[in-house]
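Engineer: Attaching a single structure in structure tokens format; questions to follow.
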Amino acid sequence: MKWGKILQPPIENVKKLSAVLGVSDIVSKLLIQRGINNYDIAKDYFRPLWTHLYNPFLMKDMKIAVDRIKEAIEKNEKVMVLGDYDVDGTTSVSLLISYLSDKITDLKPYIPDRYSEGYGISERAIKYADSEGINLIIALDCGIKAIEKVRYASSLGIDFIICDHHVPGEKLPDAVAVLNPKRTDCNYPFNDLCGCGIGFKLIQAINNNLGLSDSDLTIYLDLVAASIAADLVPLVGENRTLMFLGLKQLRENPRLGFKILIKDLTRPVNVSDLAFVIAPRINAAGRMDHGINAVKLMTSKDQKVVLSIARTIEFFNTERKSTEERITKEALQQIKLEEITKSFSTVVYHPSWHKGVVGIVASRLIEYYYRPTIVLTKSEELIVGSVRSVHGFDVYEALQACKKNIFQFGGHKYAAGLTLKTGQLKPFKEAFETYVSENLQPEFKEPEIKYDLEVEFIDLNSKLLRIINQMRPFGPKNMYPVFVTHNCKDTGASRIVGKDKTHLRLDVLDSNRTHFQGIGFGLGHMLKKVKETDTFSILYTLDENHYNGKVNLQLKLRDIKFN
């Protein structure tokens with residue numbers, strides 16, 4: 001792992017902020033690195049409030065969307081709420097269904113089948129809407145490129161409202177309203193909302209228009225928080241406010257489906273729990289079975305129904321894990337057999353691989369071969385797959401450059417999906433490898449851990465940890481502070497711990513002879529070098545160790561470099 005130091009702020013700015021806030025220079029440096037450089041910004045950062053959310057009507061087409069939904073309410077129209085089969089899509093559908101259920105009599109949730117329909121708005125969904133006499137479809141977390149599908153729906157007399165956060169193409173669908181802060185003609189102040197975040201802005205706008213209070217919307221914030229965590233959008237600005245308020249709701253009054261999923265937690269739920277406990281289980285429904293079950297889990301108020309769905313989803317999550325492990329092994333074997341270990345990209349394909357886990361497998365492969373990765377499988381007569389990237393490399397641009405060999409694609413800078421016709425596989429692999437080889441910069445070729453500051457152990461204390469904890473919630477662009485200390489020396493008490501003897505309990509002194517202990521999960525193999533090396537550098541976060549009723553500061557090790 002490379003260690004990369006985050007840009008350090010000018011010392012005069014640090015001293016000025018320290019004086020204004022009455023905090024140490026270390027805290028001021030951490031804040032300035034996160035864009036907090038004066039009292040007012042710091043106040044908002046440490047105390048996120050409802051009032052920090054932007055007026056939803058600043059978003060292009062919002063008034064049109066609200067007026068069309070009000071028309072549907074007044075005319076008692078049939079409405080479909082359609083979303084993608086992942087966490088962002090299913091939470092979005094759950095949000096709108098929950099909010100509109102007492103306003104629209106005939107409201108149908110719709111999640112496309114991952115296998116027979118694929119991603120986004122399908123022709124089957126539109127035909128189903130037509131057969132049910134539906135007048136309006138609200139599409140969430142998808143649809144920004146569904147030009148032909150929206151046109152087809154229009155020919156049947158069905159209107160569309162699209163709420164999407166993916167990058168738009170050159171032309172927008174001819175929908176009644178297209179809500180997407182990434183539109184070039186949209187002046188909304190924050191463009192990093194997830195799909196469920198845009199859905200929330202829509203219900204906020206409807207609520208405002210109906211003269212209702214924002215406090216009525218608190219019950220939907222747990223859905224928004226789960227979506228933000230799962231979709232890995234930047235945890236700054238409006239996203240951070242929504243996450244802060246959403247975690248509060250999850251801790252105080254979570255919806256029944258979430259309550260069951262987090263029942264075994266022994267501490268207040270946090271962002272990691274959303275990402276690693278709730279999100280994989282919601283995703284498992286769409287990956288291994290059908291995403292509509294996740295919507296039922298998140299919208300039902302019947303305990304028996306929710307418990308039954310939760311048990312089913314838990315079963316599919318277990319199946320997902322074993323399937324993912326098997327396919328990862330097969331993909332690694334293919335990489336070796338095809339002798340592409342030294343390529344600039346990874347593109348692997350097998351017709352029998354489970355379509356629901358190819359995205360996870362792509363992420364796993366990057367842990368072995370750190371480079372842009374695509375995992376493909378067969379879906380009826382087409383080849384479909386997921387794309388994952390390495391830090392700094394834009395795979396969406398790479399796909400754009402290879403589009404003549406792609407049937408269709410969509411996504412973000414670091415993650416995308418694509419569909420190929422059978423005859424396109426070989427030329428696409430060649431084109432993608434060529435593009436990556438010509439555009440993958442040297443600095444993108446190996447993983448890097450960014451750290452905030454170089455410190456001495458004397459700088460670390462309980463007050464610093466208290467302030468760091470007040471900087472939560474952490475996530476992309478507001479990461480947990482990472483420190484480096486140089487010239488560390490083993491006291492002789494460092495040892496291997498854990499049932500499987502794979503973890504390192506570090507016992508060290510720094511250059512000032514200040515003593516600290518740390519835990520390095522999975523770093524047990526480094527003990528021999530720790531004992532043999534005179535001095536070394538450690539990279540870590542500050543943490544607490546709770547043991548036998550006592551609480552002590554400890555270092556949570558990320559990496560060690562030997563001098």
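Here, A, B, ... name the chains of the structure tokens in the order displayed, residue numbers run from 1 inside each chain, and ligands are numbered from 1 in the same displayed order.
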Restrict the calculation to only C-alpha atoms, then for each residue of stretch 204-283 of chain A with any atom at most 12 Å from an atom of stretch 409-426 of chain A give the closest atom pair and their distance in Å to one decimal, rows by chain and rising residue number, as JSON lines.

Structural biologist:
```
{"residue": "A:Asp231", "atom": "CA", "partner": "A:Ala415", "partner_atom": "CA", "distance": 10.2}
{"residue": "A:Leu232", "atom": "CA", "partner": "A:Tyr414", "partner_atom": "CA", "distance": 10.4}
{"residue": "A:Val233", "atom": "CA", "partner": "A:His412", "partner_atom": "CA", "distance": 10.6}
```

Engineer: Please extract the residues of stretch 134-273 of chain A with a backbone DSSP assignment of strand (DSSP E) and present them as a PyMOL selection string.

Structural biologist: chain A and resi 136-140+159-163+177-179

Engineer: I need the residues from that last selection saved to file as a tab-separated table (two decimals), in the first residue's frame (with N, CA and C atoms), if you can.

Structural biologist:
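Okay, selection.tsv is ready:
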```tsv
chain	number	residue	atom	x	y	z
A	136	LEU	N	-49.74	7.26	-14.60
A	136	LEU	CA	-48.48	7.94	-14.26
A	136	LEU	C	-47.49	6.94	-13.67
A	137	ILE	N	-46.26	6.98	-14.16
A	137	ILE	CA	-45.16	6.19	-13.58
A	137	ILE	C	-44.13	7.16	-13.02
A	138	ILE	N	-43.80	6.97	-11.75
A	138	ILE	CA	-42.71	7.72	-11.12
A	138	ILE	C	-41.52	6.77	-11.05
A	139	ALA	N	-40.45	7.06	-11.80
A	139	ALA	CA	-39.27	6.19	-11.85
A	139	ALA	C	-38.17	6.78	-10.97
A	140	LEU	N	-37.59	5.94	-10.13
A	140	LEU	CA	-36.57	6.40	-9.18
A	140	LEU	C	-35.27	5.60	-9.36
A	159	ASP	N	-47.87	8.92	-18.53
A	159	ASP	CA	-46.87	9.96	-18.23
A	159	ASP	C	-45.75	9.40	-17.36
A	160	PHE	N	-44.59	10.03	-17.47
A	160	PHE	CA	-43.43	9.64	-16.65
A	160	PHE	C	-42.91	10.84	-15.86
A	161	ILE	N	-42.55	10.60	-14.59
A	161	ILE	CA	-41.70	11.52	-13.82
A	161	ILE	C	-40.45	10.73	-13.48
A	162	ILE	N	-39.30	11.26	-13.86
A	162	ILE	CA	-38.04	10.54	-13.64
A	162	ILE	C	-37.25	11.24	-12.53
A	163	CYS	N	-36.83	10.46	-11.54
A	163	CYS	CA	-35.99	10.95	-10.44
A	163	CYS	C	-34.70	10.12	-10.48
A	177	ALA	N	-41.53	15.38	-16.21
A	177	ALA	CA	-40.51	16.05	-15.40
A	177	ALA	C	-39.32	15.12	-15.26
A	178	VAL	N	-38.12	15.70	-15.29
A	178	VAL	CA	-36.88	14.94	-15.08
A	178	VAL	C	-36.13	15.61	-13.93
A	179	LEU	N	-36.15	14.97	-12.77
A	179	LEU	CA	-35.46	15.49	-11.60
A	179	LEU	C	-34.08	14.85	-11.51
```

Engineer: Which residues, written as a ChimeraX atom specification, have at least one atom at most 8 Å from A:Leu527, with only C-alpha atoms counted and residues fewer than 5 positions away on the same chain left out?

Structural biologist: /A:494-496,504

Engineer: What is the atom CA of A:Ala65 to atom CA of A:Lys108 distance in Å?

Structural biologist: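 Atom-to-atom, atom CA of A:Ala65 to atom CA of A:Lys108, that is 18.1 Å.
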
Engineer: May I have all residues of stretch 278-398 of chain A that DSSP, computed from the backbone, assigns to alpha helix (DSSP H), given as a ChimeraX atom specification?

Structural biologist: /A:279-288,292-299,303-337,358-368,395-398

Engineer: Closest to A:Leu96 among A:Ile278, A:Ile206, A:Glu339, A:Asp490, using only C-alpha atoms?

Structural biologist: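 Nearest candidate to A:Leu96 out of A:Ile278, A:Ile206, A:Glu339, A:Asp490: A:Ile206.
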
Engineer: Got a sec: who's within 8 Å of stretch 50-62 of chain A, counting only C-alpha atoms, leaving out chain neighbours fewer than 4 positions off, as number ranges by chain?

Structural biologist: A: 44, 66, 177-181, 185-189, 201-202, 204-205, 238, 241, 245

Engineer: How would the residues just picked look written out with N, CA and C atoms as an mmCIF file, in the first residue's frame?

Structural biologist:
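In the end it all went to part06.cif:
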```
data_model
loop_
_atom_site.group_PDB
_atom_site.id
_atom_site.type_symbol
_atom_site.label_atom_id
_atom_site.label_comp_id
_atom_site.auth_asym_id
_atom_site.auth_seq_id
_atom_site.Cartn_x
_atom_site.Cartn_y
_atom_site.Cartn_z
ATOM 1 N N ASP A 44 -22.486 24.594 11.594
ATOM 2 C CA ASP A 44 -23.394 23.761 10.799
ATOM 3 C C ASP A 44 -22.888 22.324 10.707
ATOM 4 N N VAL A 66 -44.434 18.089 -8.978
ATOM 5 C CA VAL A 66 -45.390 18.205 -7.873
ATOM 6 C C VAL A 66 -46.802 18.442 -8.412
ATOM 7 N N ALA A 177 -41.533 15.375 -16.206
ATOM 8 C CA ALA A 177 -40.509 16.050 -15.399
ATOM 9 C C ALA A 177 -39.315 15.116 -15.260
ATOM 10 N N VAL A 178 -38.116 15.700 -15.293
ATOM 11 C CA VAL A 178 -36.881 14.943 -15.084
ATOM 12 C C VAL A 178 -36.129 15.610 -13.929
ATOM 13 N N LEU A 179 -36.150 14.971 -12.766
ATOM 14 C CA LEU A 179 -35.458 15.493 -11.599
ATOM 15 C C LEU A 179 -34.079 14.849 -11.514
ATOM 16 N N ASN A 180 -33.056 15.626 -11.767
ATOM 17 C CA ASN A 180 -31.676 15.130 -11.698
ATOM 18 C C ASN A 180 -30.739 16.329 -11.547
ATOM 19 N N PRO A 181 -30.123 16.499 -10.373
ATOM 20 C CA PRO A 181 -29.249 17.658 -10.163
ATOM 21 C C PRO A 181 -28.024 17.673 -11.075
ATOM 22 N N ASP A 185 -28.670 21.949 -17.083
ATOM 23 C CA ASP A 185 -29.527 23.132 -16.932
ATOM 24 C C ASP A 185 -30.185 23.197 -15.545
ATOM 25 N N CYS A 186 -29.678 22.400 -14.597
ATOM 26 C CA CYS A 186 -30.236 22.399 -13.244
ATOM 27 C C CYS A 186 -29.292 23.146 -12.308
ATOM 28 N N ASN A 187 -29.824 24.115 -11.584
ATOM 29 C CA ASN A 187 -28.995 24.936 -10.691
ATOM 30 C C ASN A 187 -29.139 24.550 -9.224
ATOM 31 N N TYR A 188 -29.605 23.336 -8.967
ATOM 32 C CA TYR A 188 -29.736 22.894 -7.574
ATOM 33 C C TYR A 188 -28.351 22.926 -6.914
ATOM 34 N N PRO A 189 -28.244 23.426 -5.672
ATOM 35 C CA PRO A 189 -26.927 23.672 -5.067
ATOM 36 C C PRO A 189 -26.097 22.433 -4.743
ATOM 37 N N LYS A 201 -36.412 14.643 -1.778
ATOM 38 C CA LYS A 201 -36.652 16.045 -2.148
ATOM 39 C C LYS A 201 -38.034 16.187 -2.791
ATOM 40 N N LEU A 202 -38.447 15.156 -3.542
ATOM 41 C CA LEU A 202 -39.775 15.186 -4.175
ATOM 42 C C LEU A 202 -40.880 15.166 -3.116
ATOM 43 N N GLN A 204 -40.588 16.054 -0.055
ATOM 44 C CA GLN A 204 -40.467 17.316 0.700
ATOM 45 C C GLN A 204 -41.194 18.435 -0.047
ATOM 46 N N ALA A 205 -41.038 18.449 -1.370
ATOM 47 C CA ALA A 205 -41.701 19.471 -2.186
ATOM 48 C C ALA A 205 -43.225 19.288 -2.162
ATOM 49 N N GLU A 238 -25.689 18.246 1.879
ATOM 50 C CA GLU A 238 -27.030 17.762 2.161
ATOM 51 C C GLU A 238 -27.044 16.269 2.512
ATOM 52 N N THR A 241 -26.222 15.899 6.203
ATOM 53 C CA THR A 241 -27.366 16.303 7.039
ATOM 54 C C THR A 241 -28.432 15.206 7.041
ATOM 55 N N LEU A 245 -29.561 13.009 10.384
ATOM 56 C CA LEU A 245 -30.961 12.947 10.826
ATOM 57 C C LEU A 245 -31.531 11.531 10.666
#
```

Engineer: Counting only C-alpha atoms, which of A:Gln441, A:Arg68, A:Thr299, A:Asp273 gets nearest to A:Ser101?

Structural biologist: A:Thr299

Engineer: Residues of stretch 426-462 of chain A that approach stretch 484-489 of chain A to 6 Å or less, counting only C-alpha atoms: could you list each one with the shortest pair of atoms and its distance in Å to one decimal, rows by chain and increasing residue number, as JSON lines?

Structural biologist:
```
{"residue": "A:Glu454", "atom": "CA", "partner": "A:Val484", "partner_atom": "CA", "distance": 4.6}
{"residue": "A:Val455", "atom": "CA", "partner": "A:Thr485", "partner_atom": "CA", "distance": 5.5}
{"residue": "A:Glu456", "atom": "CA", "partner": "A:Thr485", "partner_atom": "CA", "distance": 5.9}
```

Engineer: List the neighbours of A:Cys402 out to 10 Å using only C-alpha atoms; skip same-chain residues closer than 2 positions along the sequence, and give me the result as a list in words.

Structural biologist: Tyr396, Glu397, Ala398, Leu399, Gln400, Lys404, Asn405, Ile406, Pro427, Phe428, Lys429, Glu430, Ala431, Phe432, Glu433, Thr434 and Tyr435 of chain A

Engineer: Taking only C-alpha atoms into account, name the residue in A:Phe46, A:Trp3, A:Tyr99, A:Tyr39 that is nearest to A:Tyr540.

Structural biologist: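 The answer is A:Trp3, which sits nearest to A:Tyr540.
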
Engineer: With a distance cut-off of 8 Å and only C-alpha atoms, select the neighbouring residues of A:Gly385, excluding the residue or stretch itself and same-chain residues fewer than 6 positions from it, and output the selection as a ChimeraX atom specification.

Structural biologist: /A:355,358-359,374-377,417-419

Engineer: So which one's closest to A:Asn209, A:Gly4, A:Arg472, A:Ile69, A:Val23? Using only C-alpha atoms, please.

Structural biologist: A:Ile69

Engineer: Tell me, as an mmCIF file with C-alpha atoms, in the first residue's frame, which residues lie within 10 Å of A:Gly118, counting only C-alpha atoms; anything in the same chain fewer than 2 positions away does not count.

Structural biologist:
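So selection_30.cif came out as:
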```
data_model
loop_
_atom_site.group_PDB
_atom_site.id
_atom_site.type_symbol
_atom_site.label_atom_id
_atom_site.label_comp_id
_atom_site.auth_asym_id
_atom_site.auth_seq_id
_atom_site.Cartn_x
_atom_site.Cartn_y
_atom_site.Cartn_z
ATOM 1 C CA ASP A 84 -34.022 -0.276 -9.569
ATOM 2 C CA TYR A 85 -33.477 -3.587 -7.724
ATOM 3 C CA PRO A 112 -37.839 -4.977 -12.462
ATOM 4 C CA ASP A 113 -36.651 -8.567 -12.373
ATOM 5 C CA ARG A 114 -32.843 -8.482 -12.555
ATOM 6 C CA TYR A 115 -32.734 -11.539 -14.816
ATOM 7 C CA SER A 116 -35.644 -11.279 -17.219
ATOM 8 C CA GLY A 120 -34.005 0.298 -15.304
ATOM 9 C CA ILE A 121 -37.281 0.903 -17.089
ATOM 10 C CA SER A 122 -38.342 -2.143 -19.113
ATOM 11 C CA LYS A 355 -25.947 -12.217 -12.625
ATOM 12 C CA SER A 379 -28.525 -13.235 -19.803
ATOM 13 C CA VAL A 384 -24.381 -8.486 -19.167
ATOM 14 C CA THR A 419 -24.838 -5.101 -21.951
#
```

Engineer: One decimal, Å: what's the distance from atom CA of A:Ser227 over to atom CA of A:Lys321, could you say?

Structural biologist: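 Atom CA of A:Lys321 lies at a distance of 20.9 Å from atom CA of A:Ser227.
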
Engineer: Of the candidates A:Lys529, A:Lys63, A:His290, A:His546, which shows the shortest atom-to-atom distance to A:Ile111, using only C-alpha atoms?

Structural biologist: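 Nearest candidate to A:Ile111 out of A:Lys529, A:Lys63, A:His290, A:His546: A:His290.
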